[in-house]
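Below: structure-v4.txt (compact mmCIF, N, CA and C atoms)
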# COMPACT_ATOMS: atom_id res chain seq x y z
N MET A 1 -11.44 -28.21 -7.58
CA MET A 1 -12.50 -27.29 -7.22
C MET A 1 -12.06 -25.85 -7.54
N SER A 2 -13.00 -25.11 -8.06
CA SER A 2 -12.72 -23.73 -8.43
C SER A 2 -12.47 -22.88 -7.19
N ALA A 3 -11.58 -21.91 -7.30
CA ALA A 3 -11.25 -21.03 -6.18
C ALA A 3 -12.18 -19.83 -6.11
N ILE A 4 -12.86 -19.56 -7.24
CA ILE A 4 -13.80 -18.43 -7.28
C ILE A 4 -15.05 -18.85 -8.06
N SER A 5 -16.12 -18.09 -7.88
CA SER A 5 -17.27 -18.23 -8.76
C SER A 5 -17.58 -16.85 -9.31
N VAL A 6 -18.10 -16.82 -10.51
CA VAL A 6 -18.32 -15.56 -11.22
C VAL A 6 -19.78 -15.46 -11.62
N GLU A 7 -20.38 -14.29 -11.36
CA GLU A 7 -21.77 -14.04 -11.74
C GLU A 7 -21.86 -12.68 -12.41
N ALA A 8 -22.78 -12.54 -13.35
CA ALA A 8 -23.05 -11.24 -13.96
C ALA A 8 -24.30 -10.67 -13.31
N LYS A 9 -24.20 -9.43 -12.82
CA LYS A 9 -25.32 -8.75 -12.17
C LYS A 9 -25.36 -7.31 -12.64
N GLU A 10 -26.47 -6.90 -13.25
CA GLU A 10 -26.65 -5.50 -13.65
C GLU A 10 -25.45 -4.96 -14.43
N GLN A 11 -24.99 -5.66 -15.43
CA GLN A 11 -23.85 -5.27 -16.26
C GLN A 11 -22.53 -5.19 -15.48
N VAL A 12 -22.48 -5.88 -14.36
CA VAL A 12 -21.27 -5.94 -13.54
C VAL A 12 -20.91 -7.41 -13.34
N VAL A 13 -19.63 -7.74 -13.47
CA VAL A 13 -19.18 -9.09 -13.16
C VAL A 13 -18.77 -9.11 -11.69
N VAL A 14 -19.39 -10.03 -10.92
CA VAL A 14 -19.10 -10.15 -9.49
C VAL A 14 -18.39 -11.48 -9.26
N VAL A 15 -17.27 -11.40 -8.56
CA VAL A 15 -16.46 -12.58 -8.25
C VAL A 15 -16.60 -12.89 -6.76
N TYR A 16 -16.88 -14.15 -6.46
CA TYR A 16 -16.97 -14.63 -5.08
C TYR A 16 -15.85 -15.63 -4.83
N PHE A 17 -15.26 -15.57 -3.65
CA PHE A 17 -14.21 -16.51 -3.28
C PHE A 17 -14.84 -17.72 -2.60
N THR A 18 -14.31 -18.91 -2.89
CA THR A 18 -14.88 -20.12 -2.30
C THR A 18 -14.21 -20.50 -0.97
N ASP A 19 -13.05 -19.90 -0.68
CA ASP A 19 -12.32 -20.23 0.55
C ASP A 19 -12.44 -19.11 1.58
N GLY A 20 -12.56 -19.49 2.85
CA GLY A 20 -12.59 -18.50 3.93
C GLY A 20 -11.19 -18.01 4.29
N LYS A 21 -10.22 -18.88 4.07
CA LYS A 21 -8.82 -18.52 4.35
C LYS A 21 -8.01 -18.84 3.09
N ILE A 22 -7.35 -17.82 2.57
CA ILE A 22 -6.56 -18.01 1.35
C ILE A 22 -5.09 -17.91 1.75
N LEU A 23 -4.52 -19.07 2.11
CA LEU A 23 -3.18 -19.10 2.68
C LEU A 23 -2.23 -20.02 1.92
N ASP A 24 -2.71 -21.11 1.39
CA ASP A 24 -1.90 -22.11 0.72
C ASP A 24 -1.37 -21.59 -0.61
N SER A 25 -0.07 -21.78 -0.86
CA SER A 25 0.55 -21.18 -2.05
C SER A 25 -0.04 -21.72 -3.36
N GLN A 26 -0.35 -23.01 -3.42
CA GLN A 26 -0.95 -23.56 -4.64
C GLN A 26 -2.34 -22.95 -4.86
N ARG A 27 -3.09 -22.80 -3.78
CA ARG A 27 -4.43 -22.24 -3.89
C ARG A 27 -4.35 -20.76 -4.31
N ILE A 28 -3.38 -20.05 -3.79
CA ILE A 28 -3.20 -18.63 -4.15
C ILE A 28 -2.88 -18.51 -5.64
N GLU A 29 -2.04 -19.39 -6.15
CA GLU A 29 -1.73 -19.40 -7.59
C GLU A 29 -3.01 -19.64 -8.39
N GLN A 30 -3.82 -20.57 -7.92
CA GLN A 30 -5.08 -20.88 -8.61
C GLN A 30 -6.02 -19.68 -8.58
N VAL A 31 -6.15 -19.05 -7.41
CA VAL A 31 -7.01 -17.86 -7.28
C VAL A 31 -6.52 -16.77 -8.22
N GLY A 32 -5.22 -16.51 -8.22
CA GLY A 32 -4.65 -15.49 -9.08
C GLY A 32 -4.93 -15.76 -10.54
N ARG A 33 -4.77 -17.00 -10.96
CA ARG A 33 -5.02 -17.40 -12.34
C ARG A 33 -6.51 -17.20 -12.69
N GLU A 34 -7.38 -17.66 -11.81
CA GLU A 34 -8.82 -17.55 -12.07
C GLU A 34 -9.29 -16.09 -12.06
N LEU A 35 -8.69 -15.26 -11.21
CA LEU A 35 -9.04 -13.83 -11.21
C LEU A 35 -8.65 -13.19 -12.54
N GLN A 36 -7.45 -13.51 -13.02
CA GLN A 36 -7.01 -12.96 -14.31
C GLN A 36 -7.92 -13.43 -15.45
N GLU A 37 -8.40 -14.67 -15.35
CA GLU A 37 -9.31 -15.20 -16.37
C GLU A 37 -10.68 -14.54 -16.31
N ALA A 38 -11.04 -14.01 -15.14
CA ALA A 38 -12.35 -13.35 -14.99
C ALA A 38 -12.37 -11.96 -15.61
N VAL A 39 -11.20 -11.34 -15.75
CA VAL A 39 -11.11 -9.97 -16.27
C VAL A 39 -11.78 -9.81 -17.64
N PRO A 40 -11.49 -10.69 -18.62
CA PRO A 40 -12.13 -10.51 -19.93
C PRO A 40 -13.66 -10.66 -19.90
N GLN A 41 -14.18 -11.30 -18.86
CA GLN A 41 -15.63 -11.46 -18.74
C GLN A 41 -16.33 -10.15 -18.41
N ALA A 42 -15.57 -9.16 -17.94
CA ALA A 42 -16.14 -7.86 -17.57
C ALA A 42 -16.34 -7.03 -18.83
N ILE A 43 -17.31 -7.44 -19.65
CA ILE A 43 -17.51 -6.79 -20.94
C ILE A 43 -17.98 -5.34 -20.81
N HIS A 44 -18.59 -5.02 -19.70
CA HIS A 44 -19.02 -3.63 -19.46
C HIS A 44 -17.99 -2.86 -18.65
N LYS A 45 -16.78 -3.44 -18.52
CA LYS A 45 -15.65 -2.80 -17.83
C LYS A 45 -15.93 -2.56 -16.35
N ARG A 46 -16.72 -3.46 -15.75
CA ARG A 46 -17.07 -3.33 -14.33
C ARG A 46 -16.86 -4.68 -13.63
N LEU A 47 -16.02 -4.66 -12.59
CA LEU A 47 -15.69 -5.89 -11.88
C LEU A 47 -15.73 -5.64 -10.37
N VAL A 48 -16.44 -6.49 -9.64
CA VAL A 48 -16.50 -6.41 -8.18
C VAL A 48 -15.97 -7.73 -7.61
N LEU A 49 -15.06 -7.62 -6.65
CA LEU A 49 -14.62 -8.80 -5.90
C LEU A 49 -15.35 -8.76 -4.56
N ASN A 50 -16.18 -9.77 -4.32
CA ASN A 50 -16.92 -9.85 -3.07
C ASN A 50 -16.15 -10.77 -2.13
N PHE A 51 -15.70 -10.20 -1.01
CA PHE A 51 -14.88 -10.93 -0.04
C PHE A 51 -15.70 -11.55 1.08
N ARG A 52 -17.02 -11.61 0.94
CA ARG A 52 -17.87 -12.19 1.99
C ARG A 52 -17.37 -13.60 2.31
N GLY A 53 -17.12 -13.86 3.58
CA GLY A 53 -16.66 -15.18 4.00
C GLY A 53 -15.16 -15.34 4.04
N VAL A 54 -14.41 -14.39 3.49
CA VAL A 54 -12.95 -14.48 3.52
C VAL A 54 -12.46 -13.79 4.79
N SER A 55 -11.89 -14.57 5.70
CA SER A 55 -11.45 -13.99 6.97
C SER A 55 -9.94 -13.76 7.02
N PHE A 56 -9.19 -14.53 6.24
CA PHE A 56 -7.73 -14.39 6.23
C PHE A 56 -7.20 -14.59 4.83
N MET A 57 -6.12 -13.86 4.51
CA MET A 57 -5.39 -14.12 3.28
C MET A 57 -3.92 -13.77 3.51
N SER A 58 -3.06 -14.48 2.83
CA SER A 58 -1.63 -14.26 3.00
C SER A 58 -1.17 -13.05 2.19
N SER A 59 0.06 -12.63 2.45
CA SER A 59 0.62 -11.51 1.70
C SER A 59 0.77 -11.86 0.22
N ALA A 60 0.97 -13.13 -0.08
CA ALA A 60 1.06 -13.55 -1.48
C ALA A 60 -0.27 -13.33 -2.19
N MET A 61 -1.38 -13.52 -1.48
CA MET A 61 -2.69 -13.27 -2.06
C MET A 61 -2.89 -11.78 -2.30
N ILE A 62 -2.40 -10.97 -1.39
CA ILE A 62 -2.51 -9.51 -1.57
C ILE A 62 -1.74 -9.08 -2.81
N THR A 63 -0.59 -9.71 -3.05
CA THR A 63 0.17 -9.44 -4.27
C THR A 63 -0.66 -9.75 -5.51
N LYS A 64 -1.42 -10.85 -5.47
CA LYS A 64 -2.29 -11.21 -6.60
C LYS A 64 -3.35 -10.13 -6.82
N LEU A 65 -3.87 -9.55 -5.74
CA LEU A 65 -4.88 -8.50 -5.86
C LEU A 65 -4.29 -7.23 -6.48
N VAL A 66 -3.06 -6.90 -6.09
CA VAL A 66 -2.38 -5.74 -6.67
C VAL A 66 -2.14 -5.97 -8.16
N MET A 67 -1.74 -7.17 -8.53
CA MET A 67 -1.53 -7.50 -9.94
C MET A 67 -2.84 -7.43 -10.72
N LEU A 68 -3.92 -7.92 -10.11
CA LEU A 68 -5.23 -7.84 -10.74
C LEU A 68 -5.63 -6.39 -10.96
N ASN A 69 -5.38 -5.55 -9.97
CA ASN A 69 -5.69 -4.12 -10.08
C ASN A 69 -4.94 -3.51 -11.27
N LYS A 70 -3.66 -3.86 -11.43
CA LYS A 70 -2.87 -3.35 -12.56
C LYS A 70 -3.45 -3.82 -13.90
N THR A 71 -3.82 -5.09 -13.97
CA THR A 71 -4.41 -5.64 -15.20
C THR A 71 -5.69 -4.90 -15.54
N CYS A 72 -6.53 -4.69 -14.55
CA CYS A 72 -7.80 -3.99 -14.77
C CYS A 72 -7.56 -2.56 -15.26
N LYS A 73 -6.64 -1.86 -14.61
CA LYS A 73 -6.33 -0.48 -15.03
C LYS A 73 -5.85 -0.45 -16.48
N ALA A 74 -4.98 -1.38 -16.83
CA ALA A 74 -4.42 -1.44 -18.18
C ALA A 74 -5.51 -1.68 -19.23
N GLN A 75 -6.58 -2.39 -18.83
CA GLN A 75 -7.64 -2.72 -19.77
C GLN A 75 -8.86 -1.80 -19.63
N GLY A 76 -8.73 -0.76 -18.79
CA GLY A 76 -9.82 0.19 -18.61
C GLY A 76 -11.00 -0.37 -17.85
N ILE A 77 -10.76 -1.36 -17.00
CA ILE A 77 -11.83 -1.98 -16.21
C ILE A 77 -11.83 -1.38 -14.82
N SER A 78 -13.00 -0.99 -14.37
CA SER A 78 -13.16 -0.44 -13.03
C SER A 78 -13.32 -1.60 -12.04
N LEU A 79 -12.42 -1.68 -11.06
CA LEU A 79 -12.39 -2.76 -10.08
C LEU A 79 -12.80 -2.23 -8.72
N LYS A 80 -13.74 -2.92 -8.07
CA LYS A 80 -14.18 -2.53 -6.73
C LYS A 80 -14.23 -3.77 -5.85
N PHE A 81 -14.03 -3.57 -4.55
CA PHE A 81 -14.08 -4.65 -3.57
C PHE A 81 -15.31 -4.43 -2.69
N SER A 82 -15.90 -5.53 -2.21
CA SER A 82 -17.01 -5.40 -1.27
C SER A 82 -16.91 -6.46 -0.18
N ASP A 83 -17.64 -6.20 0.90
CA ASP A 83 -17.79 -7.17 2.00
C ASP A 83 -16.45 -7.64 2.56
N VAL A 84 -15.51 -6.72 2.71
CA VAL A 84 -14.19 -7.06 3.24
C VAL A 84 -14.29 -7.21 4.76
N SER A 85 -13.83 -8.35 5.27
CA SER A 85 -13.89 -8.61 6.71
C SER A 85 -12.98 -7.65 7.47
N PRO A 86 -13.25 -7.43 8.76
CA PRO A 86 -12.38 -6.54 9.56
C PRO A 86 -10.91 -6.99 9.54
N ASN A 87 -10.66 -8.29 9.58
CA ASN A 87 -9.28 -8.80 9.56
C ASN A 87 -8.56 -8.42 8.28
N VAL A 88 -9.23 -8.64 7.15
CA VAL A 88 -8.62 -8.33 5.85
C VAL A 88 -8.49 -6.82 5.68
N MET A 89 -9.51 -6.08 6.14
CA MET A 89 -9.47 -4.61 6.03
C MET A 89 -8.30 -4.05 6.82
N GLU A 90 -8.01 -4.64 7.96
CA GLU A 90 -6.89 -4.21 8.79
C GLU A 90 -5.57 -4.35 8.02
N VAL A 91 -5.42 -5.46 7.31
CA VAL A 91 -4.22 -5.68 6.49
C VAL A 91 -4.16 -4.63 5.38
N PHE A 92 -5.30 -4.36 4.74
CA PHE A 92 -5.32 -3.33 3.69
C PHE A 92 -4.91 -1.97 4.26
N LYS A 93 -5.36 -1.67 5.47
CA LYS A 93 -5.01 -0.37 6.09
C LYS A 93 -3.52 -0.31 6.45
N ILE A 94 -3.00 -1.38 7.03
CA ILE A 94 -1.59 -1.41 7.41
C ILE A 94 -0.70 -1.23 6.18
N THR A 95 -1.08 -1.85 5.09
CA THR A 95 -0.28 -1.79 3.86
C THR A 95 -0.66 -0.59 2.99
N LYS A 96 -1.62 0.21 3.47
CA LYS A 96 -2.14 1.39 2.75
C LYS A 96 -2.84 1.03 1.44
N LEU A 97 -3.20 -0.24 1.28
CA LEU A 97 -3.90 -0.66 0.06
C LEU A 97 -5.37 -0.24 0.08
N ASN A 98 -5.86 0.16 1.25
CA ASN A 98 -7.22 0.70 1.30
C ASN A 98 -7.31 2.01 0.51
N LYS A 99 -6.16 2.65 0.26
CA LYS A 99 -6.12 3.86 -0.58
C LYS A 99 -6.08 3.50 -2.07
N LEU A 100 -5.50 2.34 -2.39
CA LEU A 100 -5.39 1.89 -3.77
C LEU A 100 -6.71 1.26 -4.25
N PHE A 101 -7.28 0.41 -3.41
CA PHE A 101 -8.49 -0.31 -3.79
C PHE A 101 -9.73 0.51 -3.47
N ASP A 102 -10.74 0.37 -4.31
CA ASP A 102 -12.03 1.04 -4.13
C ASP A 102 -12.92 0.06 -3.36
N ILE A 103 -13.10 0.28 -2.04
CA ILE A 103 -13.73 -0.70 -1.15
C ILE A 103 -15.08 -0.21 -0.65
N TYR A 104 -16.08 -1.10 -0.69
CA TYR A 104 -17.45 -0.78 -0.25
C TYR A 104 -17.91 -1.79 0.79
N ASP A 105 -18.84 -1.34 1.65
CA ASP A 105 -19.38 -2.20 2.71
C ASP A 105 -20.14 -3.39 2.16
N SER A 106 -20.85 -3.18 1.05
CA SER A 106 -21.70 -4.25 0.51
C SER A 106 -21.56 -4.33 -1.00
N GLU A 107 -21.93 -5.48 -1.51
CA GLU A 107 -21.92 -5.69 -2.96
C GLU A 107 -22.87 -4.70 -3.64
N GLU A 108 -24.03 -4.47 -3.03
CA GLU A 108 -25.03 -3.55 -3.60
C GLU A 108 -24.45 -2.14 -3.75
N LYS A 109 -23.73 -1.68 -2.72
CA LYS A 109 -23.12 -0.34 -2.77
C LYS A 109 -22.03 -0.28 -3.83
N ALA A 110 -21.26 -1.35 -3.96
CA ALA A 110 -20.19 -1.39 -4.96
C ALA A 110 -20.79 -1.32 -6.36
N ILE A 111 -21.85 -2.09 -6.60
CA ILE A 111 -22.50 -2.08 -7.92
C ILE A 111 -23.11 -0.71 -8.20
N ALA A 112 -23.78 -0.14 -7.20
CA ALA A 112 -24.42 1.17 -7.38
C ALA A 112 -23.40 2.26 -7.66
N SER A 113 -22.18 2.12 -7.13
CA SER A 113 -21.16 3.15 -7.28
C SER A 113 -20.70 3.32 -8.72
N PHE A 114 -20.89 2.30 -9.55
CA PHE A 114 -20.49 2.42 -10.96
C PHE A 114 -21.28 3.50 -11.68
N ASP A 115 -22.52 3.74 -11.23
CA ASP A 115 -23.38 4.70 -11.91
C ASP A 115 -23.23 6.13 -11.40
N LYS A 116 -22.44 6.30 -10.33
CA LYS A 116 -22.26 7.65 -9.79
C LYS A 116 -21.27 8.41 -10.66
N LYS A 117 -21.54 9.69 -10.89
CA LYS A 117 -20.64 10.53 -11.68
C LYS A 117 -20.22 11.73 -10.81
N GLY A 118 -18.94 11.93 -10.67
CA GLY A 118 -18.45 13.09 -9.94
C GLY A 118 -18.67 13.00 -8.44
N TRP A 119 -18.40 14.11 -7.78
CA TRP A 119 -18.45 14.16 -6.32
C TRP A 119 -19.85 14.30 -5.75
N PHE A 120 -20.74 14.93 -6.50
CA PHE A 120 -22.01 15.34 -5.90
C PHE A 120 -23.20 14.52 -6.35
N SER A 121 -23.00 13.39 -7.00
CA SER A 121 -24.14 12.61 -7.48
C SER A 121 -24.59 11.60 -6.47

How would this structure read if it were set down as structure tokens?
Amino acid sequence: MSAISVEAKEQVVVVYFTDGKILDSQRIEQVGRELQEAVPQAIHKRLVLNFRGVSFMSSAMITKLVMLNKTCKAQGISLKFSDVSPNVMEVFKITKLNKLFDIYDSEEKAIASFDKKGWFS
């Protein structure tokens, strides 16, 4: 079974996770692999990871997200996160990754943010 599903919406590739808890090391490897495979699908250089339904993830999964962020930066792809649960957001805050990742309350806000230019738009 696939660890993620991928959809194209308004020139943005949106990735959804199929697991509520991403803890198992084999599953984390699969998620990491599938996320890296999703990067080339972002032909408009826009990628959103929707965390709706994900309540827990291990530190190994967070490492996969940091690696994905590096891959996206290297390829000029803008990466945004949406629908991050309070539990996961707390981990991002503790690790200061909320400063690294571009995080939005909803998928709609994340998609809309691609069209904003500068501070005052």

*So how many Å separate atom CA of A:Ala3 and atom CA of A:Lys80, to one decimal?*
18.7 Å

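Listed by chain and then by rising number, the residues of stretch 4-98 of chain A that DSSP assigns to strand (DSSP E or B) from the backbone are Ile4, Ser5, Val6, Glu7, Ala8, Lys9, Val12, Val13, Val14, Val15, Tyr16, Phe17, Lys21, Ile22, Arg46, Leu47, Val48, Leu49, Asn50, Phe56, Met57, Ser78, Leu79, Lys80, Phe81 and Ser82 of chain A.
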
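Of the listed residues (A:Arg33, A:Ser55, A:Gly20, A:Thr63), A:Ser55 comes nearest to A:Val88; the distances count only N, CA and C atoms.
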
Coordinates of box centre and edge lengths for stretch 81-88 of chain A, 4 Å on every side, axis-aligned, as AutoDock Vina command-line options:
--center_x -13.1 --center_y -6.2 --center_z 2.5 --size_x 17.3 --size_y 13.2 --size_z 22.1

*Compare A:Tyr16, A:Ser82, A:Leu23, A:Leu65 by their minimum atom-to-atom distance to A:Leu97, counting only C-alpha atoms, and give me the closest one.*
A:Leu65

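Take the candidates A:Ile4, A:Leu100, A:Ile62, A:Leu47 and check each one against A:Glu34 using only N, CA and C atoms; the shortest distance goes to A:Ile4.
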
*What does the distance between atom CA of A:Gly53 and atom C of A:Asp19 come to in Å, to one decimal place?*
6.3 Å

*Spatial neighbours of A:Leu68, 10 Å, only C-alpha atoms, chain gap at least 6 places, as a ChimeraX atom specification*: /A:32-33,35-36,38-39,62,74,79

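Each of A:Arg52, A:Lys99, A:Lys70, A:Lys109 was checked against A:Asp83 using all atoms listed in the file; the smallest atom-to-atom distance is that of A:Arg52.
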
Need the shell around A:Ile111: protein/DNA/RNA residues with any atom at most 12 Å away, counting only C-alpha atoms. Skip same-chain ones fewer than 2 positions apart. Format as a PDB file with N, CA and C atoms, in the coordinates of the input?
ATOM      1  N   ALA A   8     -22.780 -12.540 -13.350  1.00  0.00           N
ATOM      2  CA  ALA A   8     -23.050 -11.240 -13.960  1.00  0.00           C
ATOM      3  C   ALA A   8     -24.300 -10.670 -13.310  1.00  0.00           C
ATOM      4  N   LYS A   9     -24.200  -9.430 -12.820  1.00  0.00           N
ATOM      5  CA  LYS A   9     -25.320  -8.750 -12.170  1.00  0.00           C
ATOM      6  C   LYS A   9     -25.360  -7.310 -12.640  1.00  0.00           C
ATOM      7  N   GLU A  10     -26.470  -6.900 -13.250  1.00  0.00           N
ATOM      8  CA  GLU A  10     -26.650  -5.500 -13.650  1.00  0.00           C
ATOM      9  C   GLU A  10     -25.450  -4.960 -14.430  1.00  0.00           C
ATOM     10  N   GLN A  11     -24.990  -5.660 -15.430  1.00  0.00           N
ATOM     11  CA  GLN A  11     -23.850  -5.270 -16.260  1.00  0.00           C
ATOM     12  C   GLN A  11     -22.530  -5.190 -15.480  1.00  0.00           C
ATOM     13  N   VAL A  12     -22.480  -5.880 -14.360  1.00  0.00           N
ATOM     14  CA  VAL A  12     -21.270  -5.940 -13.540  1.00  0.00           C
ATOM     15  C   VAL A  12     -20.910  -7.410 -13.340  1.00  0.00           C
ATOM     16  N   VAL A  13     -19.630  -7.740 -13.470  1.00  0.00           N
ATOM     17  CA  VAL A  13     -19.180  -9.090 -13.160  1.00  0.00           C
ATOM     18  C   VAL A  13     -18.770  -9.110 -11.690  1.00  0.00           C
ATOM     19  N   VAL A  14     -19.390 -10.030 -10.920  1.00  0.00           N
ATOM     20  CA  VAL A  14     -19.100 -10.150  -9.490  1.00  0.00           C
ATOM     21  C   VAL A  14     -18.390 -11.480  -9.260  1.00  0.00           C
ATOM     22  N   ARG A  46     -16.720  -3.460 -15.750  1.00  0.00           N
ATOM     23  CA  ARG A  46     -17.070  -3.330 -14.330  1.00  0.00           C
ATOM     24  C   ARG A  46     -16.860  -4.680 -13.630  1.00  0.00           C
ATOM     25  N   LEU A  47     -16.020  -4.660 -12.590  1.00  0.00           N
ATOM     26  CA  LEU A  47     -15.690  -5.890 -11.880  1.00  0.00           C
ATOM     27  C   LEU A  47     -15.730  -5.640 -10.370  1.00  0.00           C
ATOM     28  N   VAL A  48     -16.440  -6.490  -9.640  1.00  0.00           N
ATOM     29  CA  VAL A  48     -16.500  -6.410  -8.180  1.00  0.00           C
ATOM     30  C   VAL A  48     -15.970  -7.730  -7.610  1.00  0.00           C
ATOM     31  N   LEU A  49     -15.060  -7.620  -6.650  1.00  0.00           N
ATOM     32  CA  LEU A  49     -14.620  -8.800  -5.900  1.00  0.00           C
ATOM     33  C   LEU A  49     -15.350  -8.760  -4.560  1.00  0.00           C
ATOM     34  N   ASN A  50     -16.180  -9.770  -4.320  1.00  0.00           N
ATOM     35  CA  ASN A  50     -16.920  -9.850  -3.070  1.00  0.00           C
ATOM     36  C   ASN A  50     -16.150 -10.770  -2.130  1.00  0.00           C
ATOM     37  N   SER A  78     -13.000  -0.990 -14.370  1.00  0.00           N
ATOM     38  CA  SER A  78     -13.160  -0.440 -13.030  1.00  0.00           C
ATOM     39  C   SER A  78     -13.320  -1.600 -12.040  1.00  0.00           C
ATOM     40  N   LEU A  79     -12.420  -1.680 -11.060  1.00  0.00           N
ATOM     41  CA  LEU A  79     -12.390  -2.760 -10.080  1.00  0.00           C
ATOM     42  C   LEU A  79     -12.800  -2.230  -8.720  1.00  0.00           C
ATOM     43  N   LYS A  80     -13.740  -2.920  -8.070  1.00  0.00           N
ATOM     44  CA  LYS A  80     -14.180  -2.530  -6.730  1.00  0.00           C
ATOM     45  C   LYS A  80     -14.230  -3.770  -5.850  1.00  0.00           C
ATOM     46  N   PHE A  81     -14.030  -3.570  -4.550  1.00  0.00           N
ATOM     47  CA  PHE A  81     -14.080  -4.650  -3.570  1.00  0.00           C
ATOM     48  C   PHE A  81     -15.310  -4.430  -2.690  1.00  0.00           C
ATOM     49  N   SER A  82     -15.900  -5.530  -2.210  1.00  0.00           N
ATOM     50  CA  SER A  82     -17.010  -5.400  -1.270  1.00  0.00           C
ATOM     51  C   SER A  82     -16.910  -6.460  -0.180  1.00  0.00           C
ATOM     52  N   ASP A 102     -10.740   0.370  -4.310  1.00  0.00           N
ATOM     53  CA  ASP A 102     -12.030   1.040  -4.130  1.00  0.00           C
ATOM     54  C   ASP A 102     -12.920   0.060  -3.360  1.00  0.00           C
ATOM     55  N   ILE A 103     -13.100   0.280  -2.040  1.00  0.00           N
ATOM     56  CA  ILE A 103     -13.730  -0.700  -1.150  1.00  0.00           C
ATOM     57  C   ILE A 103     -15.080  -0.210  -0.650  1.00  0.00           C
ATOM     58  N   TYR A 104     -16.080  -1.100  -0.690  1.00  0.00           N
ATOM     59  CA  TYR A 104     -17.450  -0.780  -0.250  1.00  0.00           C
ATOM     60  C   TYR A 104     -17.910  -1.790   0.790  1.00  0.00           C
ATOM     61  N   ASP A 105     -18.840  -1.340   1.650  1.00  0.00           N
ATOM     62  CA  ASP A 105     -19.380  -2.200   2.710  1.00  0.00           C
ATOM     63  C   ASP A 105     -20.140  -3.390   2.160  1.00  0.00           C
ATOM     64  N   SER A 106     -20.850  -3.180   1.050  1.00  0.00           N
ATOM     65  CA  SER A 106     -21.700  -4.250   0.510  1.00  0.00           C
ATOM     66  C   SER A 106     -21.560  -4.330  -1.000  1.00  0.00           C
ATOM     67  N   GLU A 107     -21.930  -5.480  -1.510  1.00  0.00           N
ATOM     68  CA  GLU A 107     -21.920  -5.690  -2.960  1.00  0.00           C
ATOM     69  C   GLU A 107     -22.870  -4.700  -3.640  1.00  0.00           C
ATOM     70  N   GLU A 108     -24.030  -4.470  -3.030  1.00  0.00           N
ATOM     71  CA  GLU A 108     -25.030  -3.550  -3.600  1.00  0.00           C
ATOM     72  C   GLU A 108     -24.450  -2.140  -3.750  1.00  0.00           C
ATOM     73  N   LYS A 109     -23.730  -1.680  -2.720  1.00  0.00           N
ATOM     74  CA  LYS A 109     -23.120  -0.340  -2.770  1.00  0.00           C
ATOM     75  C   LYS A 109     -22.030  -0.280  -3.830  1.00  0.00           C
ATOM     76  N   SER A 113     -22.180   2.120  -7.130  1.00  0.00           N
ATOM     77  CA  SER A 113     -21.160   3.150  -7.280  1.00  0.00           C
ATOM     78  C   SER A 113     -20.700   3.320  -8.720  1.00  0.00           C
ATOM     79  N   PHE A 114     -20.890   2.300  -9.550  1.00  0.00           N
ATOM     80  CA  PHE A 114     -20.490   2.420 -10.960  1.00  0.00           C
ATOM     81  C   PHE A 114     -21.280   3.500 -11.680  1.00  0.00           C
ATOM     82  N   ASP A 115     -22.520   3.740 -11.230  1.00  0.00           N
ATOM     83  CA  ASP A 115     -23.380   4.700 -11.910  1.00  0.00           C
ATOM     84  C   ASP A 115     -23.230   6.130 -11.400  1.00  0.00           C
ATOM     85  N   LYS A 116     -22.440   6.300 -10.330  1.00  0.00           N
ATOM     86  CA  LYS A 116     -22.260   7.650  -9.790  1.00  0.00           C
ATOM     87  C   LYS A 116     -21.270   8.410 -10.660  1.00  0.00           C
TER      88      LYS A 116
END

*Could you find all residues in stretch 40-101 of chain A that DSSP calls helix (DSSP H, G or I) from the backbone, and write them as a PyMOL selection string?*
chain A and resi 40-41+59-74+86-94+97-100
